[in-house]
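Colleague: Got a structure for you, coords.tsv, holding TSV, C-alpha atoms and all ligand atoms.
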chain	number	residue	atom	x	y	z
A	18	MET	CA	-7.12	20.37	-25.06
A	19	LYS	CA	-8.86	17.02	-25.62
A	20	ALA	CA	-10.40	15.28	-22.61
A	21	PHE	CA	-12.71	12.38	-21.77
A	22	ILE	CA	-15.76	13.78	-20.00
A	23	VAL	CA	-18.50	12.26	-17.83
A	24	LYS	CA	-21.53	14.11	-19.21
A	25	SER	CA	-24.10	12.32	-17.09
A	26	TYR	CA	-23.93	9.49	-14.59
A	27	GLY	CA	-24.93	5.98	-15.61
A	28	LYS	CA	-23.65	2.43	-16.06
A	29	LYS	CA	-24.31	2.56	-19.78
A	30	GLU	CA	-22.81	6.03	-20.21
A	31	LYS	CA	-19.60	6.38	-22.19
A	32	LEU	CA	-17.00	9.05	-21.59
A	33	HIS	CA	-17.16	11.73	-24.29
A	34	LEU	CA	-14.01	12.94	-26.05
A	35	GLU	CA	-14.35	16.74	-26.18
A	36	ASP	CA	-12.45	20.00	-26.33
A	37	TRP	CA	-11.97	21.36	-22.84
A	38	ALA	CA	-10.12	24.35	-21.37
A	39	VAL	CA	-6.60	23.67	-20.14
A	40	PRO	CA	-6.94	23.75	-16.31
A	41	THR	CA	-5.88	26.85	-14.39
A	42	VAL	CA	-2.68	26.62	-12.38
A	43	ASN	CA	-3.07	27.78	-8.76
A	44	GLU	CA	-0.07	28.98	-6.76
A	45	ASN	CA	0.73	25.50	-5.37
A	46	ASP	CA	-0.04	23.62	-8.61
A	47	VAL	CA	2.02	22.10	-11.35
A	48	LEU	CA	0.53	21.76	-14.82
A	49	VAL	CA	1.30	18.28	-16.13
A	50	GLN	CA	1.23	17.36	-19.80
A	51	VAL	CA	-0.29	13.89	-19.53
A	52	HIS	CA	1.68	11.08	-21.21
A	53	SER	CA	-0.15	8.15	-19.67
A	54	ALA	CA	-3.11	7.53	-17.38
A	55	GLY	CA	-3.61	4.35	-15.38
A	56	VAL	CA	-7.13	2.95	-15.45
A	57	ASN	CA	-8.89	1.92	-12.24
A	58	LEU	CA	-12.26	0.41	-11.44
A	59	LEU	CA	-12.85	3.65	-9.51
A	60	ASP	CA	-13.13	5.47	-12.87
A	61	SER	CA	-16.06	3.24	-13.86
A	62	LEU	CA	-17.70	3.42	-10.42
A	63	ILE	CA	-17.55	7.20	-10.53
A	64	ARG	CA	-18.97	7.31	-14.06
A	65	ASN	CA	-21.80	4.96	-12.94
A	66	GLY	CA	-22.67	7.39	-10.15
A	67	GLU	CA	-21.92	4.81	-7.46
A	68	PHE	CA	-19.73	7.25	-5.49
A	69	LYS	CA	-22.08	10.25	-5.75
A	70	LEU	CA	-22.81	10.29	-2.04
A	71	PHE	CA	-19.16	10.45	-0.96
A	72	LEU	CA	-17.66	12.20	-3.99
A	73	PRO	CA	-20.37	14.44	-5.42
A	74	TYR	CA	-18.76	15.40	-8.75
A	75	LYS	CA	-21.12	17.46	-10.87
A	76	PRO	CA	-21.18	16.45	-14.55
A	77	PRO	CA	-19.70	17.46	-16.87
A	78	PHE	CA	-16.26	16.64	-15.47
A	79	ILE	CA	-13.08	14.88	-16.62
A	80	ASN	CA	-12.54	11.33	-15.32
A	81	GLY	CA	-9.24	9.55	-14.53
A	82	HIS	CA	-7.17	9.09	-11.35
A	83	ASP	CA	-3.59	8.20	-12.33
A	84	VAL	CA	-1.05	10.14	-14.35
A	85	ALA	CA	2.54	10.19	-15.55
A	86	GLY	CA	3.76	13.13	-17.56
A	87	ILE	CA	5.91	16.26	-17.83
A	88	VAL	CA	5.60	19.51	-15.87
A	89	THR	CA	4.96	22.35	-18.33
A	90	LYS	CA	4.11	25.20	-15.93
A	91	ILE	CA	4.39	25.84	-12.19
A	92	GLY	CA	2.44	28.03	-9.75
A	93	SER	CA	4.19	30.93	-7.96
A	94	LYS	CA	4.61	29.00	-4.69
A	95	VAL	CA	5.75	25.65	-6.11
A	96	SER	CA	9.08	24.68	-4.55
A	97	LYS	CA	9.66	21.00	-5.35
A	98	PHE	CA	9.25	20.87	-9.13
A	99	LYS	CA	10.38	22.73	-12.22
A	100	VAL	CA	9.29	22.85	-15.84
A	101	GLY	CA	10.52	19.74	-17.64
A	102	ASP	CA	10.39	17.39	-14.63
A	103	GLU	CA	9.00	13.91	-15.35
A	104	VAL	CA	6.44	13.22	-12.64
A	105	TYR	CA	3.61	10.92	-11.63
A	106	ALA	CA	0.64	11.29	-9.29
A	107	ARG	CA	-2.76	10.25	-8.07
A	108	PRO	CA	-4.34	13.73	-7.86
A	109	SER	CA	-6.53	14.49	-4.82
A	110	ASP	CA	-10.23	13.78	-4.92
A	111	HIS	CA	-12.19	16.70	-6.38
A	112	ARG	CA	-9.13	17.53	-8.53
A	113	VAL	CA	-9.02	14.37	-10.65
A	114	GLY	CA	-9.21	14.22	-14.46
A	115	THR	CA	-6.22	12.45	-15.96
A	116	PHE	CA	-7.99	11.25	-19.14
A	117	ALA	CA	-6.96	14.53	-20.73
A	118	GLU	CA	-3.98	16.19	-22.38
A	119	TYR	CA	-3.23	18.33	-19.31
A	120	ILE	CA	-4.03	18.30	-15.61
A	121	SER	CA	-3.22	20.80	-12.88
A	122	ILE	CA	-2.20	19.10	-9.60
A	123	ASP	CA	-1.21	20.40	-6.16
A	124	GLU	CA	2.53	19.75	-5.80
A	125	LYS	CA	1.93	17.92	-2.51
A	126	ASP	CA	0.27	15.10	-4.52
A	127	VAL	CA	3.13	14.76	-7.02
A	128	ALA	CA	6.44	12.84	-7.05
A	129	LEU	CA	9.28	12.50	-9.50
A	130	LYS	CA	8.66	9.55	-11.81
A	131	PRO	CA	10.97	6.55	-11.22
A	132	LYS	CA	13.83	6.97	-13.70
A	133	ASN	CA	13.80	3.32	-14.71
A	134	LEU	CA	10.13	3.31	-15.80
A	135	SER	CA	8.53	4.28	-19.09
A	136	MET	CA	5.67	6.79	-18.96
A	137	GLU	CA	3.16	3.93	-19.42
A	138	GLU	CA	4.69	1.96	-16.56
A	139	ALA	CA	4.80	5.01	-14.28
A	140	GLY	CA	1.17	5.92	-14.98
A	141	SER	CA	0.13	2.48	-13.76
A	142	ILE	CA	1.55	2.93	-10.27
A	143	PRO	CA	0.19	5.81	-8.14
A	144	LEU	CA	-3.31	4.68	-7.13
A	145	VAL	CA	-2.48	1.00	-6.52
A	146	GLY	CA	0.92	1.85	-5.03
A	147	LEU	CA	-0.53	4.34	-2.55
A	148	THR	CA	-3.40	1.96	-1.71
A	149	SER	CA	-0.92	-0.80	-0.88
A	150	TRP	CA	1.33	1.57	1.07
A	151	GLN	CA	-1.53	3.01	3.13
A	152	ALA	CA	-2.90	-0.47	3.87
A	153	LEU	CA	0.32	-2.36	4.63
A	154	VAL	CA	2.66	0.35	5.94
A	155	GLU	CA	0.46	3.10	7.37
A	156	ILE	CA	-2.43	1.09	8.84
A	157	ALA	CA	-1.15	-2.48	9.33
A	158	ASN	CA	2.51	-1.61	9.98
A	159	VAL	CA	3.50	-5.02	8.59
A	160	LYS	CA	6.60	-6.44	10.26
A	161	LYS	CA	9.11	-9.09	9.25
A	162	GLY	CA	7.77	-12.61	9.68
A	163	GLN	CA	4.09	-11.64	9.80
A	164	LYS	CA	1.54	-13.51	7.71
A	165	VAL	CA	-0.36	-11.39	5.19
A	166	PHE	CA	-3.26	-12.53	3.00
A	167	ILE	CA	-3.68	-10.43	-0.16
A	168	GLN	CA	-6.85	-11.23	-2.08
A	169	ALA	CA	-6.85	-11.12	-5.89
A	170	GLY	CA	-3.06	-11.15	-6.16
A	171	SER	CA	-3.11	-10.93	-9.95
A	172	GLY	CA	-5.01	-7.61	-10.05
A	173	GLY	CA	-3.72	-4.05	-10.07
A	174	VAL	CA	-3.61	-3.69	-6.30
A	175	GLY	CA	-2.60	-7.32	-5.72
A	176	THR	CA	0.46	-7.30	-7.96
A	177	PHE	CA	1.80	-4.21	-6.18
A	178	ALA	CA	0.76	-5.24	-2.66
A	179	ILE	CA	2.41	-8.69	-2.91
A	180	GLN	CA	5.74	-7.11	-3.83
A	181	LEU	CA	5.46	-4.52	-1.05
A	182	ALA	CA	4.49	-7.10	1.58
A	183	LYS	CA	7.46	-9.28	0.55
A	184	TYR	CA	9.76	-6.25	0.84
A	185	LEU	CA	8.41	-5.68	4.35
A	186	GLY	CA	9.42	-9.25	5.20
A	187	ALA	CA	5.99	-10.88	5.34
A	188	PHE	CA	4.89	-14.39	4.40
A	189	VAL	CA	2.33	-13.73	1.67
A	190	ALA	CA	-0.70	-15.82	0.77
A	191	THR	CA	-2.91	-14.82	-2.13
A	192	THR	CA	-5.86	-15.93	-4.25
A	193	THR	CA	-6.15	-16.03	-8.02
A	194	SER	CA	-7.28	-18.49	-10.69
A	195	ALA	CA	-5.13	-21.17	-12.31
A	196	LYS	CA	-4.04	-19.08	-15.30
A	197	ASN	CA	-2.42	-16.47	-13.02
A	198	ILE	CA	-0.67	-18.72	-10.49
A	199	GLU	CA	2.68	-18.41	-12.24
A	200	LEU	CA	2.38	-14.60	-12.31
A	201	VAL	CA	1.76	-14.21	-8.57
A	202	LYS	CA	4.51	-16.71	-7.71
A	203	ASN	CA	6.96	-14.78	-9.87
A	204	ILE	CA	6.32	-11.58	-7.92
A	205	GLY	CA	6.87	-13.32	-4.59
A	206	ALA	CA	3.65	-14.93	-3.32
A	207	ASP	CA	4.56	-17.77	-0.92
A	208	LEU	CA	1.19	-19.54	-0.87
A	209	VAL	CA	-1.21	-19.37	-3.80
A	210	ILE	CA	-4.82	-20.47	-3.54
A	211	ASP	CA	-6.87	-21.09	-6.66
A	212	TYR	CA	-10.15	-19.49	-5.61
A	213	LYS	CA	-12.08	-21.49	-8.20
A	214	THR	CA	-11.16	-24.90	-6.74
A	215	GLN	CA	-9.99	-24.17	-3.18
A	216	ASP	CA	-11.51	-22.49	-0.12
A	217	PHE	CA	-9.03	-20.07	1.44
A	218	SER	CA	-10.94	-20.06	4.74
A	219	LYS	CA	-10.12	-23.76	5.21
A	220	ILE	CA	-6.43	-23.31	4.37
A	221	LEU	CA	-5.36	-20.06	6.06
A	222	LYS	CA	-5.31	-19.43	9.80
A	223	ASP	CA	-3.66	-17.18	12.35
A	224	TYR	CA	-2.95	-14.41	9.86
A	225	ASP	CA	-1.79	-10.98	11.02
A	226	VAL	CA	-3.22	-8.97	8.14
A	227	VAL	CA	-5.81	-9.37	5.38
A	228	LEU	CA	-5.95	-6.97	2.44
A	229	HIS	CA	-9.58	-7.44	1.50
A	230	SER	CA	-10.88	-6.55	-1.97
A	231	ASN	CA	-13.74	-8.98	-2.58
A	232	ARG	CA	-17.26	-7.57	-2.64
A	233	GLU	CA	-19.05	-10.77	-1.47
A	234	LYS	CA	-20.32	-10.51	2.11
A	235	ILE	CA	-19.42	-14.11	2.89
A	236	VAL	CA	-15.79	-13.51	1.88
A	237	LEU	CA	-15.55	-10.64	4.37
A	238	GLU	CA	-16.79	-12.91	7.16
A	239	GLN	CA	-14.45	-15.73	6.16
A	240	SER	CA	-11.54	-13.30	5.94
A	241	LEU	CA	-12.11	-11.98	9.47
A	242	GLY	CA	-12.12	-15.62	10.57
A	243	ILE	CA	-8.59	-16.39	9.36
A	244	LEU	CA	-7.01	-13.64	11.49
A	245	LYS	CA	-5.27	-14.36	14.74
A	246	LYS	CA	-6.30	-12.38	17.83
A	247	GLY	CA	-5.17	-8.79	17.40
A	248	GLY	CA	-4.98	-9.22	13.61
A	249	GLN	CA	-6.24	-6.58	11.19
A	250	LEU	CA	-8.43	-6.67	8.12
A	251	ILE	CA	-8.17	-3.72	5.78
A	252	SER	CA	-11.07	-3.56	3.39
A	253	LEU	CA	-10.82	-1.68	0.11
A	254	VAL	CA	-14.43	-2.39	-0.81
A	255	GLY	CA	-16.43	-1.36	2.21
A	256	PRO	CA	-18.44	-1.15	4.22
A	257	PRO	CA	-17.30	2.44	4.88
A	258	THR	CA	-16.85	3.34	8.55
A	259	PRO	CA	-17.57	6.48	10.63
A	260	GLU	CA	-13.77	6.93	10.94
A	261	PHE	CA	-13.61	7.24	7.14
A	262	ALA	CA	-16.58	9.64	7.18
A	263	GLN	CA	-14.78	11.75	9.78
A	264	GLU	CA	-11.53	11.74	7.81
A	265	ILE	CA	-13.12	13.07	4.63
A	266	GLY	CA	-15.40	15.49	6.51
A	267	LEU	CA	-18.80	14.02	5.63
A	268	PRO	CA	-21.87	15.63	7.23
A	269	TRP	CA	-23.42	14.01	10.32
A	270	HIS	CA	-26.19	12.19	8.46
A	271	LEU	CA	-23.67	10.41	6.22
A	272	LYS	CA	-21.56	9.58	9.26
A	273	PHE	CA	-24.66	7.96	10.66
A	274	VAL	CA	-25.17	6.01	7.42
A	275	THR	CA	-21.59	4.66	7.62
A	276	LYS	CA	-22.22	3.68	11.24
A	277	LEU	CA	-25.17	1.57	10.17
A	278	LEU	CA	-23.37	0.12	7.15
A	279	SER	CA	-20.29	-0.98	9.09
A	280	ALA	CA	-22.01	-2.11	12.32
A	281	SER	CA	-22.16	-5.80	11.46
A	282	ALA	CA	-18.53	-6.08	10.22
A	283	LYS	CA	-17.28	-4.22	13.29
A	284	LYS	CA	-19.31	-6.38	15.64
A	285	LYS	CA	-17.99	-9.58	14.06
A	286	ALA	CA	-14.44	-8.29	14.24
A	287	GLU	CA	-14.85	-7.33	17.88
A	288	LYS	CA	-16.23	-10.75	18.74
A	289	LEU	CA	-13.16	-12.37	17.15
A	290	GLY	CA	-10.76	-9.94	18.84
A	291	VAL	CA	-9.56	-8.53	15.50
A	292	LYS	CA	-9.71	-5.10	13.87
A	293	PHE	CA	-11.78	-4.03	10.89
A	294	HIS	CA	-10.58	-1.00	8.88
A	295	PHE	CA	-12.04	0.53	5.75
A	296	LEU	CA	-9.49	2.28	3.54
A	297	PHE	CA	-10.30	4.71	0.77
A	298	MET	CA	-6.85	5.63	-0.48
A	299	ARG	CA	-5.79	9.27	-0.66
A	300	ALA	CA	-3.32	11.28	-2.72
A	301	GLU	CA	0.08	11.64	-1.06
A	302	GLY	CA	3.22	12.78	-2.85
A	303	LYS	CA	5.50	11.95	0.11
A	304	GLN	CA	4.47	8.30	0.10
A	305	LEU	CA	4.83	8.23	-3.68
A	306	ASN	CA	8.44	9.38	-3.20
A	307	GLU	CA	9.05	6.32	-1.00
A	308	ILE	CA	7.50	4.16	-3.70
A	309	THR	CA	9.79	5.77	-6.30
A	310	LYS	CA	12.80	4.67	-4.21
A	311	LEU	CA	11.59	1.04	-4.08
A	312	ILE	CA	10.98	1.00	-7.82
A	313	GLU	CA	14.35	2.56	-8.65
A	314	ALA	CA	16.03	-0.01	-6.39
A	315	GLY	CA	14.36	-2.77	-8.44
A	316	ILE	CA	12.37	-4.00	-5.42
A	317	ILE	CA	8.95	-3.35	-6.98
A	318	LYS	CA	8.22	-3.74	-10.67
A	319	PRO	CA	5.12	-2.58	-12.52
A	320	ILE	CA	2.99	-5.36	-13.96
A	321	ILE	CA	1.15	-4.16	-17.05
A	322	ASP	CA	-1.56	-6.12	-18.79
A	323	LYS	CA	-2.59	-3.83	-21.64
A	324	VAL	CA	-1.87	-0.37	-23.00
A	325	PHE	CA	-4.75	1.32	-24.87
A	326	SER	CA	-4.52	4.43	-27.07
A	327	PHE	CA	-6.09	7.68	-25.81
A	328	GLU	CA	-8.97	7.30	-28.27
A	329	GLN	CA	-9.66	3.84	-26.77
A	330	THR	CA	-10.19	5.14	-23.22
A	331	ASN	CA	-13.76	3.78	-23.06
A	332	GLU	CA	-12.55	0.36	-24.24
A	333	ALA	CA	-9.88	0.45	-21.51
A	334	LEU	CA	-12.56	1.05	-18.87
A	335	THR	CA	-14.70	-1.76	-20.27
A	336	TYR	CA	-11.70	-4.10	-20.11
A	337	VAL	CA	-11.02	-3.23	-16.45
A	338	GLU	CA	-14.70	-3.76	-15.65
A	339	THR	CA	-14.40	-7.43	-16.69
A	340	GLY	CA	-12.37	-7.97	-13.51
A	341	ARG	CA	-9.96	-10.21	-15.45
A	342	SER	CA	-6.96	-7.90	-15.90
A	343	ARG	CA	-3.54	-9.21	-14.97
A	344	GLY	CA	-1.84	-6.26	-13.31
A	345	LYS	CA	-2.60	-2.80	-14.66
A	346	VAL	CA	-4.31	-1.28	-17.65
A	347	VAL	CA	-3.00	2.02	-18.97
A	348	VAL	CA	-4.07	4.63	-21.52
A	349	LYS	CA	-1.23	6.12	-23.57
A	350	VAL	CA	-2.22	9.76	-23.98
A	351	ARG	CA	0.89	11.02	-25.86
E	401	LIG	N1	-10.65	1.64	-1.39
E	401	LIG	C1	-9.64	1.95	-2.18
E	401	LIG	O1	-8.93	2.93	-1.94
E	401	LIG	C2	-9.35	1.09	-3.37
E	401	LIG	C3	-8.17	1.28	-4.09
E	401	LIG	C4	-7.89	0.44	-5.16
E	401	LIG	C5	-8.78	-0.56	-5.50
E	401	LIG	N2	-9.92	-0.70	-4.80
E	401	LIG	C6	-10.89	-1.79	-5.12
E	401	LIG	O2	-10.21	-3.01	-4.90
E	401	LIG	C7	-10.64	-3.99	-5.84
E	401	LIG	C8	-9.45	-4.57	-6.56
E	401	LIG	O3	-8.89	-3.56	-7.38
E	401	LIG	P1	-7.88	-3.93	-8.53
E	401	LIG	O4	-7.56	-2.67	-9.24
E	401	LIG	O5	-6.77	-4.74	-8.01
E	401	LIG	O6	-8.81	-4.84	-9.45
E	401	LIG	P2	-8.45	-5.59	-10.81
E	401	LIG	O7	-7.09	-5.22	-11.25
E	401	LIG	O8	-9.57	-5.35	-11.75
E	401	LIG	O9	-8.48	-7.14	-10.38
E	401	LIG	C9	-8.53	-8.09	-11.39
E	401	LIG	C10	-7.93	-9.38	-10.85
E	401	LIG	O10	-8.76	-9.91	-9.81
E	401	LIG	C11	-8.72	-11.32	-9.88
E	401	LIG	N3	-9.96	-11.84	-9.29
E	401	LIG	C12	-11.22	-11.65	-9.74
E	401	LIG	N4	-12.10	-12.27	-8.92
E	401	LIG	C13	-11.38	-12.88	-7.95
E	401	LIG	C14	-11.71	-13.68	-6.82
E	401	LIG	N5	-12.97	-13.98	-6.53
E	401	LIG	N6	-10.70	-14.11	-6.04
E	401	LIG	C15	-9.41	-13.80	-6.32
E	401	LIG	N7	-9.03	-13.06	-7.39
E	401	LIG	C16	-10.01	-12.61	-8.19
E	401	LIG	C17	-8.63	-11.62	-11.35
E	401	LIG	O11	-7.96	-12.85	-11.52
E	401	LIG	P3	-8.68	-14.04	-12.36
E	401	LIG	O12	-8.84	-13.50	-13.76
E	401	LIG	O13	-7.70	-15.13	-12.22
E	401	LIG	O14	-10.02	-14.27	-11.70
E	401	LIG	C18	-7.84	-10.44	-11.92
E	401	LIG	O15	-6.49	-10.74	-12.14
E	401	LIG	C19	-11.64	-3.27	-6.75
E	401	LIG	O16	-12.94	-3.54	-6.29
E	401	LIG	C20	-11.31	-1.81	-6.57
E	401	LIG	O17	-12.42	-0.96	-6.81
E	401	LIG	C21	-10.23	0.11	-3.75
Kindly return the structure encoded in the file as C-alpha cells.

Modeller:
Amino acid sequence: MKAFIVKSYGKKEKLHLEDWAVPTVNENDVLVQVHSAGVNLLDSLIRNGEFKLFLPYKPPFINGHDVAGIVTKIGSKVSKFKVGDEVYARPSDHRVGTFAEYISIDEKDVALKPKNLSMEEAGSIPLVGLTSWQALVEIANVKKGQKVFIQAGSGGVGTFAIQLAKYLGAFVATTTSAKNIELVKNIGADLVIDYKTQDFSKILKDYDVVLHSNREKIVLEQSLGILKKGGQLISLVGPPTPEFAQEIGLPWHLKFVTKLLSASAKKKAEKLGVKFHFLFMRAEGKQLNEITKLIEAGIIKPIIDKVFSFEQTNEALTYVETGRSRGKVVVKVR
C-alpha cells in the first residue's frame, strides 16, 4: 500500500510517500481501508520530534491520527464490526498512521461513522470530537447554565467544542478574529471576542470552565483569572502534569519533569481557588459512539475548511501549521 512516512524527525522534514506493508490484523483489530484522514497540528508536532519524550515513535513510521473508511478484514475476536462497515476512529497512540491506504485499529477505538456524513466529513471528527468530549463532559462535567470560555472558536477543536458546550446547555464565550466572527456565531457562540482588538481578560469573569488552547504563558495566567472559585481550566497545550504522566505510564524521571513544568500553573490555580487540568486526548470508541448520536441527530455539524488530495498530504500539514484554518482540514485518500 502507499503511505506517508516520517523518515527522520525535523521541522523541515517532509513526509515521504512510499510503498509500505499492509498492517497485520491482530485478534481484536479491524483493518480499515482509509477513505479520508483528518489533519491535526499533532501530526506536525510529531514529525518535528516535539513529542519524542512522551510518544517515542521510532522513524520510519506512518503519520496521521484521524480516519474514516471501510472495514475490509476483522480479527478473530472482533465482536462489534463486520466487513463492509463504514467506520471512523482516532487510533490509540503507538498505533497511529492514517495517512495510508490501510490501517489496523483495535475495535475498542472504532465507532460506526455517522450515516449523514460523507467520508471527508467523518474523517474530520474523531480527534477534535474526543478532545472536546473529554474536556467538557468527562473532566468539566459542564451543566446547563454554566459559563464556558472556548479559546480559538474557529479552529478544529473550537468549532466542535462550541457546538458540544451549547448542547450541554452552557453560555459560550469564544475568541477569534474579525473574519471568523460570523462562523462562530452561526455554530452557537453567545459572546465573541475579537482577540486582535479586545482583551478577553477584561471582558470575561466568573466563568465555570475554560478550554485553553493558546500557547502564550500570559494567556494561561489571564485565563485562570477569569474563573470563578471552584472553576476549572482544561489546557490542551500544557504544561503536562504528573497526573497525565501517571495516566500514560511515564517513568519516574519524566513524572518529575512534569511536576516541575506544571508547578507554577498549579500554584496559581490553587491561589485563585480554581483547578488546572492538562488533557492529552485519548482514543475511545465508546465516546465516539456518543458523538455519532449527536451528529446523526443534527446537533453537531462538521465544519470543514479544505480537503486536500492524498498526494497533497504535506501541503495539508503546512496549511494547518499556519494556524489560520477555519474548522478542519482533511486529506481525501480514496
Ligand atoms: N492536548 C490535546 O489532546 C489536543 C487535542 C487537540 C488539539 N490540541 C491543540 O490545541 C490547539 C488548537 O487545535 P486546533 O486543531 O483547534 O487548531 P487550529 O484548527 O489550527 O486553529 C486554528 C484557528 O485558531 C484561531 N486562532 C489562532 N490564533 C488565535 C488566538 N490568539 N486567539 C484566538 N483564536 C486564534 C484561528 O483564527 P484566526 O485565523 O481568526 O486567527 C483559526 O481559526 C493546537 O495547539 C493543538 O495542538 C491539543

Colleague: Once you count all atoms listed in the file, which residues end up within 7 Å of ligand LIG 401 (chain E), and could you hand them over as a compact mmCIF listing (two decimals) with C-alpha atoms, in the frame of the given file?

Modeller:
# COMPACT_ATOMS: atom_id res chain seq x y z
CA ASN A 57 -8.89 1.92 -12.24
CA LEU A 58 -12.26 0.41 -11.44
CA LEU A 59 -12.85 3.65 -9.51
CA LEU A 144 -3.31 4.68 -7.13
CA VAL A 145 -2.48 1.00 -6.52
CA THR A 148 -3.40 1.96 -1.71
CA GLN A 168 -6.85 -11.23 -2.08
CA ALA A 169 -6.85 -11.12 -5.89
CA GLY A 170 -3.06 -11.15 -6.16
CA SER A 171 -3.11 -10.93 -9.95
CA GLY A 172 -5.01 -7.61 -10.05
CA GLY A 173 -3.72 -4.05 -10.07
CA VAL A 174 -3.61 -3.69 -6.30
CA GLY A 175 -2.60 -7.32 -5.72
CA THR A 192 -5.86 -15.93 -4.25
CA THR A 193 -6.15 -16.03 -8.02
CA SER A 194 -7.28 -18.49 -10.69
CA ALA A 195 -5.13 -21.17 -12.31
CA LYS A 196 -4.04 -19.08 -15.30
CA ASN A 197 -2.42 -16.47 -13.02
CA TYR A 212 -10.15 -19.49 -5.61
CA SER A 230 -10.88 -6.55 -1.97
CA ASN A 231 -13.74 -8.98 -2.58
CA ARG A 232 -17.26 -7.57 -2.64
CA LEU A 253 -10.82 -1.68 0.11
CA VAL A 254 -14.43 -2.39 -0.81
CA LEU A 296 -9.49 2.28 3.54
CA PHE A 297 -10.30 4.71 0.77
CA MET A 298 -6.85 5.63 -0.48
CA VAL A 337 -11.02 -3.23 -16.45
CA GLU A 338 -14.70 -3.76 -15.65
CA GLY A 340 -12.37 -7.97 -13.51
CA ARG A 341 -9.96 -10.21 -15.45
CA SER A 342 -6.96 -7.90 -15.90
CA ARG A 343 -3.54 -9.21 -14.97
CA GLY A 344 -1.84 -6.26 -13.31
CA LYS A 345 -2.60 -2.80 -14.66

Colleague: Expressed in Å to a single decimal, how great is the separation between atom CA of A:Lys90 and atom CA of A:Tyr105?

Modeller: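 According to the coordinates, atom CA of A:Lys90 and atom CA of A:Tyr105 are separated by 14.9 Å.
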
Colleague: So that I can see what lies close to A:Glu138, please list as a PyMOL selection string the residues with an atom at most 9 Å from it, counting all atoms listed in the file and leaving out residues fewer than 3 positions away in the same chain.

Modeller: chain A and resi 53+55+85+134-135+141-142+318-321+345+347

Colleague: Report the distance between atom CA of A:Lys31 and atom CA of A:Val88 in Å, rounded to one decimal place.

Modeller: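 Straight-line distance from atom CA of A:Lys31 to atom CA of A:Val88 works out to 29.1 Å.
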
Colleague: How far is it from atom CA of A:Val291 to atom CA of A:Leu277, in Å with one decimal?

Modeller: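 Separation of atom CA of A:Val291 and atom CA of A:Leu277: 19.3 Å.
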
Colleague: Can you tell me, as JSON, the centre and edge lengths (Å, one decimal) of the axis-aligned box enclosing all of stretch 41-50 of chain A's listed atoms after padding each side by 3 Å?

Modeller:
{"center_x": -1.9, "center_y": 23.2, "center_z": -12.6, "size_x": 13.9, "size_y": 17.6, "size_z": 20.4}

Colleague: Calculated over only C-alpha atoms, which of the candidates A:Glu124, A:Leu334, A:Leu278, A:Ala106 has the smallest distance to A:Asn65?

Modeller: A:Leu334

Colleague: Rank A:Phe177, A:Tyr184, A:Phe166, A:Phe295 by their smallest atom-to-atom distance to A:Ile210, using only C-alpha atoms, and report the top residue only.

Modeller: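 With only C-alpha atoms as the atom set, the closest residue is A:Phe166.
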
Colleague: Scan for residues within 7 Å of the point (-7.8, 21.6, -28.7) in the coordinates of the file, using all atoms listed in the file, and reply as a ChimeraX atom specification.

Modeller: /A:18-19,36

Colleague: Tell me, as a short mmCIF file (atom, residue, chain, number, x, y, z; two decimals) with C-alpha atoms, in the coordinates of the input, which residues lie within 10 Å of A:Asp223, counting all atoms listed in the file; anything in the same chain fewer than 5 positions away does not count.

Modeller:
data_model
loop_
_atom_site.label_atom_id
_atom_site.label_comp_id
_atom_site.auth_asym_id
_atom_site.auth_seq_id
_atom_site.Cartn_x
_atom_site.Cartn_y
_atom_site.Cartn_z
CA GLN A 163 4.09 -11.64 9.80
CA LYS A 164 1.54 -13.51 7.71
CA VAL A 165 -0.36 -11.39 5.19
CA GLY A 242 -12.12 -15.62 10.57
CA ILE A 243 -8.59 -16.39 9.36
CA LEU A 244 -7.01 -13.64 11.49
CA LYS A 245 -5.27 -14.36 14.74
CA LYS A 246 -6.30 -12.38 17.83
CA GLY A 247 -5.17 -8.79 17.40
CA GLY A 248 -4.98 -9.22 13.61
#

Colleague: Using only C-alpha atoms for the distances, tell me which of A:Lys272, A:Phe217, A:Gln151, A:Pro257 is nearest to A:Phe68.

Modeller: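 Closest candidate: A:Pro257.
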
Colleague: Of the residues A:Asp225, A:Glu103, A:Glu233, A:Glu264, which is the one nearest to A:Lys161, using all atoms listed in the file?

Modeller: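 For A:Lys161, the nearest of the candidates is A:Asp225.
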
Colleague: Let me make sure I understand: among A:Ile79, A:Pro131, A:Thr176, A:Gly114, which one has the smallest atom-to-atom distance to A:Asn203 if we use all atoms listed in the file?

Modeller: A:Thr176

Colleague: With only C-alpha atoms as the atoms that count, which of A:Leu62, A:Gly81, A:Gly92, A:Lys24 lies nearest to A:Asn43?

Modeller: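 That would be A:Gly92, the residue with the smallest distance to A:Asn43.
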
Colleague: For A:Ala178, list every protein, DNA or RNA residue within 8 Å, evaluated using only C-alpha atoms, and leave out those in the same chain fewer than 3 positions away; present the list as a list of chain:residue names.

Modeller: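 That gives A:Gly146, A:Ser149, A:Trp150, A:Leu153, A:Ile167, A:Gly170, A:Val174, A:Gly175, A:Leu181, A:Ala182.
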